[in-house]
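Shown here: input_12.txt, compact mmCIF, C-alpha atoms.
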# COMPACT_ATOMS: atom_id res chain seq x y z
CA MET B 1 -13.93 7.85 -7.10
CA PRO B 2 -16.17 6.70 -9.90
CA GLN B 3 -14.85 3.44 -11.25
CA ALA B 4 -13.15 3.76 -14.62
CA GLN B 5 -14.44 1.89 -17.64
CA PRO B 6 -12.28 0.14 -20.22
CA THR B 7 -11.30 2.51 -22.99
CA SER B 8 -11.55 -0.24 -25.58
CA VAL B 9 -12.82 -3.79 -25.81
CA PRO B 10 -10.27 -6.16 -27.31
CA ALA B 11 -11.20 -8.75 -29.93
CA ASP B 12 -9.63 -11.54 -27.91
CA GLY B 13 -12.60 -13.88 -27.95
CA LEU B 14 -12.97 -13.70 -24.16
CA THR B 15 -16.26 -13.11 -22.42
CA THR B 16 -16.57 -10.13 -20.12
CA ARG B 17 -16.49 -12.54 -17.20
CA GLN B 18 -13.35 -14.26 -18.45
CA ARG B 19 -11.71 -10.94 -19.10
CA ARG B 20 -12.75 -9.65 -15.71
CA ASN B 21 -11.21 -12.63 -13.98
CA ARG B 22 -7.97 -12.77 -15.94
CA ALA B 23 -5.20 -12.71 -13.41
CA LEU B 24 -2.82 -9.77 -13.61
CA LEU B 25 0.91 -9.31 -13.68
CA MET B 26 1.57 -6.02 -11.94
CA VAL B 27 4.75 -3.98 -11.46
CA HIS B 28 5.39 -1.14 -9.00
CA THR B 29 8.56 0.65 -9.98
CA GLY B 30 10.16 4.11 -9.78
CA ASP B 31 12.27 5.98 -7.25
CA GLY B 32 9.44 6.99 -4.91
CA LYS B 33 8.00 5.50 -1.77
CA GLY B 34 5.00 3.20 -1.75
CA LYS B 35 6.04 0.45 -4.17
CA SER B 36 6.23 -2.27 -1.52
CA THR B 37 3.67 -0.66 0.76
CA ALA B 38 1.05 -0.71 -1.99
CA ALA B 39 1.90 -4.34 -2.78
CA PHE B 40 1.41 -5.31 0.87
CA GLY B 41 -1.80 -3.27 0.85
CA MET B 42 -2.98 -5.45 -2.04
CA ALA B 43 -2.48 -8.45 0.20
CA LEU B 44 -5.21 -7.00 2.46
CA ARG B 45 -7.72 -7.22 -0.37
CA ALA B 46 -6.61 -10.71 -1.28
CA TRP B 47 -6.84 -11.81 2.35
CA ASN B 48 -10.38 -10.44 2.52
CA GLN B 49 -11.29 -12.53 -0.54
CA GLY B 50 -9.99 -15.63 1.22
CA TRP B 51 -7.16 -16.02 -1.28
CA PRO B 52 -3.94 -17.81 -0.35
CA VAL B 53 -1.22 -15.15 -0.46
CA GLY B 54 2.51 -15.73 -0.74
CA VAL B 55 4.92 -12.88 0.04
CA PHE B 56 8.54 -13.34 -1.04
CA GLN B 57 10.90 -10.65 0.15
CA PHE B 58 14.05 -10.53 -1.89
CA VAL B 59 17.19 -8.64 -0.86
CA LYS B 60 15.99 -7.73 2.65
CA SER B 61 18.06 -8.95 5.58
CA ALA B 62 16.51 -11.70 7.67
CA LYS B 63 17.19 -9.53 10.73
CA TRP B 64 15.08 -6.76 9.32
CA ARG B 65 11.43 -7.28 10.12
CA ILE B 66 8.98 -4.74 8.82
CA GLY B 67 5.65 -3.97 10.39
CA GLU B 68 3.73 -5.37 7.45
CA GLN B 69 5.10 -8.84 8.16
CA SER B 70 3.75 -8.82 11.71
CA ALA B 71 0.42 -7.41 10.59
CA LEU B 72 -0.07 -9.87 7.73
CA GLU B 73 0.98 -12.73 10.01
CA ALA B 74 -1.68 -11.58 12.47
CA LEU B 75 -4.24 -11.75 9.65
CA ASP B 76 -2.99 -15.24 8.80
CA SER B 77 -3.51 -16.18 12.46
CA ALA B 78 -7.03 -14.75 12.34
CA HIS B 79 -7.67 -16.95 9.32
CA ALA B 80 -6.31 -20.02 11.11
CA ALA B 81 -8.20 -19.33 14.33
CA ASP B 82 -11.50 -17.93 13.11
CA GLY B 83 -11.72 -18.90 9.45
CA VAL B 84 -11.90 -15.27 8.32
CA GLY B 85 -9.93 -14.12 5.30
CA GLY B 86 -7.29 -16.30 3.70
CA PRO B 87 -3.88 -17.76 4.60
CA ILE B 88 -0.80 -15.55 4.17
CA GLU B 89 2.72 -16.91 3.99
CA TRP B 90 5.70 -14.59 4.37
CA HIS B 91 9.12 -15.71 3.22
CA LYS B 92 12.34 -13.76 3.04
CA MET B 93 15.92 -14.03 1.94
CA GLY B 94 18.77 -13.19 4.22
CA SER B 95 19.74 -16.33 6.06
CA GLY B 96 18.18 -18.92 3.81
CA TRP B 97 14.53 -19.13 2.87
CA SER B 98 12.28 -20.77 5.44
CA TRP B 99 11.75 -23.85 3.24
CA SER B 100 15.50 -24.26 2.62
CA ARG B 101 17.81 -24.46 5.60
CA LYS B 102 21.04 -25.20 3.80
CA ALA B 103 24.11 -24.34 5.81
CA GLY B 104 26.13 -21.53 4.37
CA THR B 105 23.52 -20.14 2.01
CA GLU B 106 23.31 -16.98 4.04
CA THR B 107 26.51 -15.69 2.46
CA ASP B 108 25.64 -16.42 -1.16
CA HIS B 109 22.90 -13.98 -2.01
CA ALA B 110 22.91 -14.84 -5.71
CA ALA B 111 22.30 -18.53 -4.99
CA GLU B 112 19.69 -17.64 -2.44
CA ALA B 113 17.82 -15.40 -4.86
CA ALA B 114 17.94 -18.15 -7.50
CA GLU B 115 16.56 -20.63 -4.96
CA GLY B 116 13.77 -18.18 -4.12
CA TRP B 117 12.80 -17.89 -7.76
CA ALA B 118 12.99 -21.68 -8.24
CA GLU B 119 10.53 -22.11 -5.38
CA ILE B 120 8.20 -19.47 -6.83
CA LYS B 121 8.28 -21.35 -10.16
CA ARG B 122 7.31 -24.56 -8.37
CA ARG B 123 4.47 -22.78 -6.59
CA LEU B 124 3.21 -21.14 -9.79
CA ALA B 125 3.19 -24.54 -11.52
CA ALA B 126 1.24 -25.96 -8.58
CA SER B 127 -1.10 -22.94 -8.36
CA ALA B 128 -0.17 -22.62 -4.71
CA HIS B 129 -1.31 -18.99 -4.26
CA ARG B 130 -3.75 -16.57 -5.82
CA LEU B 131 -1.59 -13.52 -5.08
CA TYR B 132 2.19 -13.54 -5.15
CA VAL B 133 4.06 -10.50 -3.84
CA LEU B 134 7.62 -10.62 -5.19
CA ASP B 135 9.03 -7.75 -3.20
CA GLU B 136 12.15 -6.05 -4.57
CA PHE B 137 12.43 -8.75 -7.17
CA THR B 138 13.65 -6.30 -9.82
CA TYR B 139 17.08 -6.21 -8.13
CA PRO B 140 17.94 -9.92 -8.52
CA MET B 141 16.93 -9.49 -12.17
CA THR B 142 19.10 -6.40 -12.60
CA TRP B 143 22.04 -8.07 -10.89
CA GLY B 144 21.77 -11.26 -12.94
CA TRP B 145 20.96 -13.43 -9.94
CA VAL B 146 17.92 -14.72 -11.81
CA ASP B 147 17.47 -14.95 -15.57
CA THR B 148 15.07 -12.25 -16.74
CA GLU B 149 14.07 -14.19 -19.87
CA ASP B 150 13.14 -17.14 -17.67
CA VAL B 151 11.19 -14.91 -15.30
CA VAL B 152 9.23 -13.26 -18.09
CA ALA B 153 8.48 -16.52 -19.91
CA THR B 154 7.44 -18.26 -16.69
CA LEU B 155 5.13 -15.43 -15.72
CA ARG B 156 3.61 -15.17 -19.21
CA ASP B 157 2.86 -18.91 -19.23
CA ARG B 158 1.81 -19.34 -15.60
CA PRO B 159 -1.34 -21.34 -14.89
CA ALA B 160 -4.46 -19.20 -14.80
CA GLY B 161 -5.90 -17.46 -11.78
CA GLN B 162 -2.67 -16.30 -10.17
CA HIS B 163 -2.04 -12.59 -9.67
CA VAL B 164 1.58 -11.51 -9.34
CA VAL B 165 2.90 -8.14 -8.18
CA ILE B 166 6.60 -7.32 -8.48
CA THR B 167 8.20 -4.31 -6.81
CA GLY B 168 11.51 -2.51 -7.16
CA ARG B 169 13.33 0.22 -9.03
CA ASN B 170 14.56 -0.04 -12.60
CA ALA B 171 12.22 -2.78 -13.76
CA ASP B 172 13.48 -4.48 -16.91
CA PRO B 173 11.71 -3.35 -20.12
CA ARG B 174 10.89 -6.98 -20.92
CA LEU B 175 9.09 -7.29 -17.60
CA LEU B 176 7.21 -4.04 -18.21
CA ASP B 177 6.24 -5.29 -21.65
CA ALA B 178 4.82 -8.51 -20.21
CA ALA B 179 2.99 -6.74 -17.37
CA ASP B 180 -0.71 -5.91 -17.43
CA LEU B 181 -0.37 -3.03 -15.00
CA VAL B 182 2.63 -0.83 -14.35
CA THR B 183 2.69 2.02 -11.87
CA GLU B 184 5.66 4.29 -11.39
CA MET B 185 5.98 5.64 -7.88
CA ARG B 186 7.73 8.93 -8.55
CA LYS B 187 9.45 10.88 -5.80
CA VAL B 188 8.18 14.45 -5.82
CA LYS B 189 9.38 15.39 -2.34
CA HIS B 190 11.03 13.25 0.29
CA PRO B 191 11.76 14.19 3.90
CA MET B 192 15.30 12.79 3.67
CA ASP B 193 16.02 15.55 1.20
CA ALA B 194 15.22 17.98 4.01
CA GLY B 195 17.46 16.20 6.51
CA GLN B 196 14.76 13.98 8.02
CA LYS B 197 15.90 10.54 9.09
CA GLY B 198 13.96 7.37 8.54
CA GLN B 199 11.69 6.57 11.44
CA ARG B 200 9.83 3.76 13.10
CA GLY B 201 6.29 3.21 11.87
CA ILE B 202 7.03 5.08 8.65
CA GLU B 203 10.05 3.40 7.11
CA TRP B 204 9.62 -0.01 8.77
CA MET I 1 17.43 -2.05 -0.31
CA PRO I 2 20.06 -0.14 1.63
CA GLN I 3 18.36 2.61 3.58
CA ALA I 4 18.92 6.07 2.18
CA GLN I 5 20.68 8.74 4.20
CA PRO I 6 19.67 12.38 4.41
CA THR I 7 21.27 14.41 1.67
CA SER I 8 21.69 17.41 3.94
CA VAL I 9 21.34 18.25 7.60
CA PRO I 10 19.20 21.33 8.18
CA ALA I 11 20.19 24.03 10.65
CA ASP I 12 16.86 23.81 12.45
CA GLY I 13 18.21 23.44 15.96
CA LEU I 14 16.63 19.99 16.32
CA THR I 15 18.52 17.00 17.65
CA THR I 16 18.79 13.91 15.44
CA ARG I 17 16.29 12.23 17.70
CA GLN I 18 13.85 15.11 17.47
CA ARG I 19 14.26 15.24 13.74
CA ARG I 20 13.84 11.50 13.45
CA ASN I 21 10.59 11.59 15.35
CA ARG I 22 9.05 14.59 13.64
CA ALA I 23 5.66 13.51 12.40
CA LEU I 24 5.13 13.69 8.66
CA LEU I 25 2.49 15.10 6.36
CA MET I 26 2.42 12.81 3.35
CA VAL I 27 0.57 13.01 0.03
CA HIS I 28 -0.03 10.25 -2.52
CA THR I 29 -1.22 11.78 -5.75
CA GLY I 30 -1.14 11.12 -9.51
CA ASP I 31 -3.30 9.19 -11.97
CA GLY I 32 -1.92 5.73 -11.20
CA LYS I 33 -3.01 2.94 -8.92
CA GLY I 34 -1.65 2.47 -5.43
CA LYS I 35 -2.33 5.84 -3.81
CA SER I 36 -4.91 4.52 -1.34
CA THR I 37 -3.45 1.02 -1.24
CA ALA I 38 -0.08 2.34 -0.10
CA ALA I 39 -1.79 4.52 2.52
CA PHE I 40 -3.64 1.53 3.91
CA GLY I 41 -0.36 -0.41 3.80
CA MET I 42 1.13 2.30 6.01
CA ALA I 43 -1.60 1.55 8.52
CA LEU I 44 -0.08 -1.95 8.85
CA ARG I 45 3.19 -0.47 10.06
CA ALA I 46 1.41 1.89 12.42
CA TRP I 47 -0.70 -0.96 13.80
CA ASN I 48 2.45 -2.96 14.43
CA GLN I 49 3.87 -0.03 16.43
CA GLY I 50 0.76 -0.01 18.56
CA TRP I 51 -0.31 3.39 17.25
CA PRO I 52 -3.94 4.45 17.25
CA VAL I 53 -4.90 4.79 13.59
CA GLY I 54 -7.85 6.70 12.16
CA VAL I 55 -8.94 6.09 8.56
CA PHE I 56 -11.35 8.61 7.02
CA GLN I 57 -12.67 7.67 3.61
CA PHE I 58 -14.00 10.63 1.73
CA VAL I 59 -16.15 10.41 -1.39
CA LYS I 60 -16.68 6.62 -1.24
CA SER I 61 -20.22 5.33 -1.02
CA ALA I 62 -21.19 3.82 2.30
CA LYS I 63 -22.37 0.77 0.37
CA TRP I 64 -18.94 0.22 -1.06
CA ARG I 65 -16.78 -1.75 1.33
CA ILE I 66 -13.23 -2.44 0.27
CA GLY I 67 -11.17 -5.39 1.44
CA GLU I 68 -8.79 -3.19 3.35
CA GLN I 69 -11.58 -2.12 5.69
CA SER I 70 -12.34 -5.71 6.68
CA ALA I 71 -8.66 -6.54 7.05
CA LEU I 72 -7.83 -3.48 9.16
CA GLU I 73 -10.92 -4.08 11.28
CA ALA I 74 -9.67 -7.65 11.86
CA LEU I 75 -6.37 -6.18 13.07
CA ASP I 76 -8.29 -3.84 15.35
CA SER I 77 -10.12 -6.88 16.73
CA ALA I 78 -6.78 -8.66 17.27
CA HIS I 79 -5.66 -5.60 19.23
CA ALA I 80 -8.83 -5.61 21.34
CA ALA I 81 -8.73 -9.36 21.96
CA ASP I 82 -5.02 -10.07 22.35
CA GLY I 83 -3.40 -6.71 22.97
CA VAL I 84 -1.25 -6.97 19.86
CA GLY I 85 -0.75 -3.95 17.60
CA GLY I 86 -2.84 -0.84 18.00
CA PRO I 87 -6.47 0.22 17.60
CA ILE I 88 -7.73 1.11 14.13
CA GLU I 89 -10.88 3.12 13.48
CA TRP I 90 -12.40 3.22 10.00
CA HIS I 91 -14.89 5.94 9.12
CA LYS I 92 -16.47 6.76 5.81
CA MET I 93 -18.74 9.22 4.15
CA GLY I 94 -21.75 8.14 2.16
CA SER I 95 -24.68 7.94 4.53
CA GLY I 96 -23.38 10.11 7.33
CA TRP I 97 -20.20 9.52 9.28
CA SER I 98 -20.46 6.96 12.06
CA TRP I 99 -20.17 9.62 14.77
CA SER I 100 -22.87 11.77 13.16
CA ARG I 101 -26.23 10.22 12.41
CA LYS I 102 -28.08 13.27 11.22
CA ALA I 103 -31.10 12.51 9.11
CA GLY I 104 -30.79 13.58 5.53
CA THR I 105 -27.05 14.14 5.48
CA GLU I 106 -26.63 11.30 3.02
CA THR I 107 -27.74 13.55 0.19
CA ASP I 108 -25.55 16.52 0.98
CA HIS I 109 -22.03 15.39 0.20
CA ALA I 110 -20.53 18.83 0.63
CA ALA I 111 -21.91 19.15 4.16
CA GLU I 112 -20.84 15.64 4.94
CA ALA I 113 -17.30 16.24 3.76
CA ALA I 114 -17.16 19.44 5.83
CA GLU I 115 -18.39 17.52 8.86
CA GLY I 116 -15.68 14.89 8.26
CA TRP I 117 -12.99 17.54 8.19
CA ALA I 118 -14.43 19.25 11.30
CA GLU I 119 -14.18 15.94 13.17
CA ILE I 120 -10.61 15.41 11.97
CA LYS I 121 -9.74 18.90 13.25
CA ARG I 122 -11.20 18.00 16.65
CA ARG I 123 -9.21 14.78 16.71
CA LEU I 124 -5.97 16.49 15.68
CA ALA I 125 -6.45 19.06 18.44
CA ALA I 126 -7.01 16.20 20.91
CA SER I 127 -4.12 14.11 19.51
CA ALA I 128 -6.55 11.24 19.09
CA HIS I 129 -4.46 9.25 16.59
CA ARG I 130 -0.83 8.83 15.62
CA LEU I 131 -1.63 8.08 11.98
CA TYR I 132 -4.50 9.66 10.06
CA VAL I 133 -5.36 8.30 6.63
CA LEU I 134 -7.44 10.92 4.80
CA ASP I 135 -8.39 8.84 1.80
CA GLU I 136 -9.37 10.73 -1.36
CA PHE I 137 -9.36 13.95 0.60
CA THR I 138 -7.96 15.91 -2.35
CA TYR I 139 -11.39 15.81 -4.01
CA PRO I 140 -13.34 17.68 -1.31
CA MET I 141 -10.55 20.26 -1.46
CA THR I 142 -10.75 20.51 -5.26
CA TRP I 143 -14.53 20.77 -5.18
CA GLY I 144 -14.53 23.44 -2.47
CA TRP I 145 -16.33 21.25 0.05
CA VAL I 146 -13.59 22.06 2.54
CA ASP I 147 -11.43 25.16 2.65
CA THR I 148 -7.93 24.32 1.45
CA GLU I 149 -6.36 27.24 3.35
CA ASP I 150 -7.94 25.93 6.54
CA VAL I 151 -6.76 22.39 5.82
CA VAL I 152 -3.18 23.46 5.16
CA ALA I 153 -3.01 25.79 8.17
CA THR I 154 -4.54 23.18 10.46
CA LEU I 155 -2.14 20.49 9.30
CA ARG I 156 0.88 22.79 9.54
CA ASP I 157 -0.02 23.71 13.12
CA ARG I 158 -1.23 20.33 14.34
CA PRO I 159 0.01 19.10 17.72
CA ALA I 160 3.21 17.08 17.47
CA GLY I 161 3.47 13.36 16.95
CA GLN I 162 0.65 12.90 14.46
CA HIS I 163 1.40 11.53 11.01
CA VAL I 164 -1.09 12.35 8.27
CA VAL I 165 -1.34 10.80 4.82
CA ILE I 166 -3.67 12.27 2.21
CA THR I 167 -4.54 10.51 -1.05
CA GLY I 168 -6.17 11.55 -4.31
CA ARG I 169 -5.52 13.02 -7.71
CA ASN I 170 -4.74 16.66 -8.41
CA ALA I 171 -3.47 17.59 -4.98
CA ASP I 172 -3.52 21.34 -4.43
CA PRO I 173 -0.09 23.02 -4.76
CA ARG I 174 -0.51 24.56 -1.31
CA LEU I 175 -0.94 21.07 0.15
CA LEU I 176 2.11 19.80 -1.73
CA ASP I 177 4.08 22.76 -0.46
CA ALA I 178 3.15 21.99 3.13
CA ALA I 179 3.81 18.25 2.79
CA ASP I 180 7.01 16.57 3.94
CA LEU I 181 6.66 13.68 1.51
CA VAL I 182 4.92 13.63 -1.84
CA THR I 183 4.77 10.60 -4.11
CA GLU I 184 3.17 10.66 -7.52
CA MET I 185 1.69 7.34 -8.55
CA ARG I 186 2.01 7.57 -12.30
CA LYS I 187 0.10 5.27 -14.63
CA VAL I 188 2.50 3.63 -17.04
CA LYS I 189 0.20 0.82 -18.16
CA HIS I 190 -3.25 -0.11 -16.93
CA PRO I 191 -5.27 -3.20 -17.80
CA MET I 192 -8.41 -1.12 -18.41
CA ASP I 193 -6.61 0.40 -21.37
CA ALA I 194 -6.45 -3.13 -22.78
CA GLY I 195 -10.14 -3.80 -22.16
CA GLN I 196 -9.71 -5.48 -18.78
CA LYS I 197 -12.50 -4.80 -16.31
CA GLY I 198 -11.98 -4.10 -12.65
CA GLN I 199 -12.07 -7.24 -10.58
CA ARG I 200 -12.61 -8.52 -7.08
CA GLY I 201 -9.49 -8.72 -4.94
CA ILE I 202 -7.68 -6.24 -7.15
CA GLU I 203 -9.90 -3.19 -7.37
CA TRP I 204 -11.80 -3.71 -4.11
Here is a file; write its structure as structure tokens.
Amino acid sequence: MPQAQPTSVPADGLTTRQRRNRALLMVHTGDGKGKSTAAFGMALRAWNQGWPVGVFQFVKSAKWRIGEQSALEALDSAHAADGVGGPIEWHKMGSGWSWSRKAGTETDHAAEAAEGWAEIKRRLAASAHRLYVLDEFTYPMTWGWVDTEDVVATLRDRPAGQHVVITGRNADPRLLDAADLVTEMRKVKHPMDAGQKGQRGIEW
Amino acid sequence: MPQAQPTSVPADGLTTRQRRNRALLMVHTGDGKGKSTAAFGMALRAWNQGWPVGVFQFVKSAKWRIGEQSALEALDSAHAADGVGGPIEWHKMGSGWSWSRKAGTETDHAAEAAEGWAEIKRRLAASAHRLYVLDEFTYPMTWGWVDTEDVVATLRDRPAGQHVVITGRNADPRLLDAADLVTEMRKVKHPMDAGQKGQRGIEW
């Protein structure tokens, strides 16, 4: 496809280069498939640029391992072994985040989600990654497990050079307002509607 | 997210297992971002299952190399070297497909697109891959470079066990009708509308 051009040039005092390199806050929402898959696909581009990538899977069970995790971990290994691409970290909720092995946290999802967000705040402040994938992070916001005002303010004021993509249904309007890019994945037709079950390689 | 259940069970005579394993024809369309990115993300899952994956990039210039190509080729190398995952082939139009080095084809995009589709037909007949990514394949259909009736009939009648995902705007209604899964990536907000230029690691 021909690359699109900006439809307007803002009077924000930035040079084209500064504007080009402004890091983005992106949201994939809607009831269709592809929200997370596209976010993990973005990690491929970031990896190829040599960027440190952090994936944070909210909500998902620790027992549930999707193919993308294995694939992105293989790319991280390729980086470690051969120096190609960048490092990719993959963290998930479900039985305590990898950096936090507190006993008993596996049963308190709200506390676990809050701890995940607290760690992401620390990493943003430290500019730990250049791409953050906050997968299914809209749900902890919807359920009040994290404070949406805090999330939006933290993301608005994050140190420069850090792209963030958030996935999940029913994204909060305040998050959409703060975002640079919002895509709605809309379900037009889904095989489950025709009696198809989820299957290996497609759903996980 | 909890996994969705089928909303109805069709009287198609298939067992649950047969229905579960029925290969899908999927379409990512719409004016938003993420159509191709989600398709390449699907290749991660397929790789992790050990499936042979074939990516066919239509329209794109041969000079244009996106990050996903390098990343998926690194996964293919990991498969070749360590036996993890599956093999991934990446082919693109622009200066002749890799399997077809005819002189002069680089200037005849219509013939090149037709040759790409002819090769995909051969591979489908031979069950060469378990996932085919036909990236931006809606455009050759729209422009009449390939025959949409032939595409739809070929995909409907393809040998079992081969998933196909097609990306691009303005998917033909006949393709949507034949598809098992259709997702519209809808642009809600895009940084180019605010004067942002495309940037490395995000757009390519």
Near chain I, which residues of chain B fall within 7 Å when you count all atoms listed in the file, and what do they look like as a VMD selection string? chain B and resid 1 5 to 10 19 to 21 32 to 34 37 to 38 40 to 42 44 to 46 48 to 49 59 to 60 67 to 68 70 to 71 75 180 to 199 201 to 202 204
How far is it from atom CA of I:Ala128 to atom CA of I:Trp99, in Å with one decimal? 14.4 Å
So what do you get for atom CA of I:Ala80 versus atom CA of B:Asp76, distance-wise?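 Going from atom CA of I:Ala80 over to atom CA of B:Asp76, I get 16.9 Å.
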Can you work out which one of B:Pro52, B:Gly116, B:Pro173, B:Pro159 has the shortest atom-to-atom distance to B:Ser100, counting all atoms listed in the file? B:Gly116
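Atom to atom, atom CA of I:Val151 and atom CA of I:Gly96 stand 20.7 Å apart.
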Would you be able to write out as a ChimeraX atom specification which residues have an atom within 9 Å of (-16.0, 17.7, -1.8) in the file's coordinates, counting only C-alpha atoms? /I:58-59,109-114,137-146
Selected residue of minimal separation from I:Asp172 among I:Val53, I:Val152, I:Asp157, I:Glu89, counting all atoms listed in the file: I:Val152
I'd like the neighbourhood of B:Ile120 as a PDB file with C-alpha atoms, in the frame of the given file, where a residue qualifies if any of its atoms comes within 10 Å (using only C-alpha atoms), though same-chain residues fewer than 6 positions away should be ignored.
ATOM      1  CA  GLY B  54       2.510 -15.730  -0.740  1.00  0.00           C
ATOM      2  CA  PHE B  56       8.540 -13.340  -1.040  1.00  0.00           C
ATOM      3  CA  ALA B 114      17.940 -18.150  -7.500  1.00  0.00           C
ATOM      4  CA  ALA B 126       1.240 -25.960  -8.580  1.00  0.00           C
ATOM      5  CA  ALA B 128      -0.170 -22.620  -4.710  1.00  0.00           C
ATOM      6  CA  HIS B 129      -1.310 -18.990  -4.260  1.00  0.00           C
ATOM      7  CA  TYR B 132       2.190 -13.540  -5.150  1.00  0.00           C
ATOM      8  CA  LEU B 134       7.620 -10.620  -5.190  1.00  0.00           C
ATOM      9  CA  THR B 154       7.440 -18.260 -16.690  1.00  0.00           C
TER      10      THR B 154
END
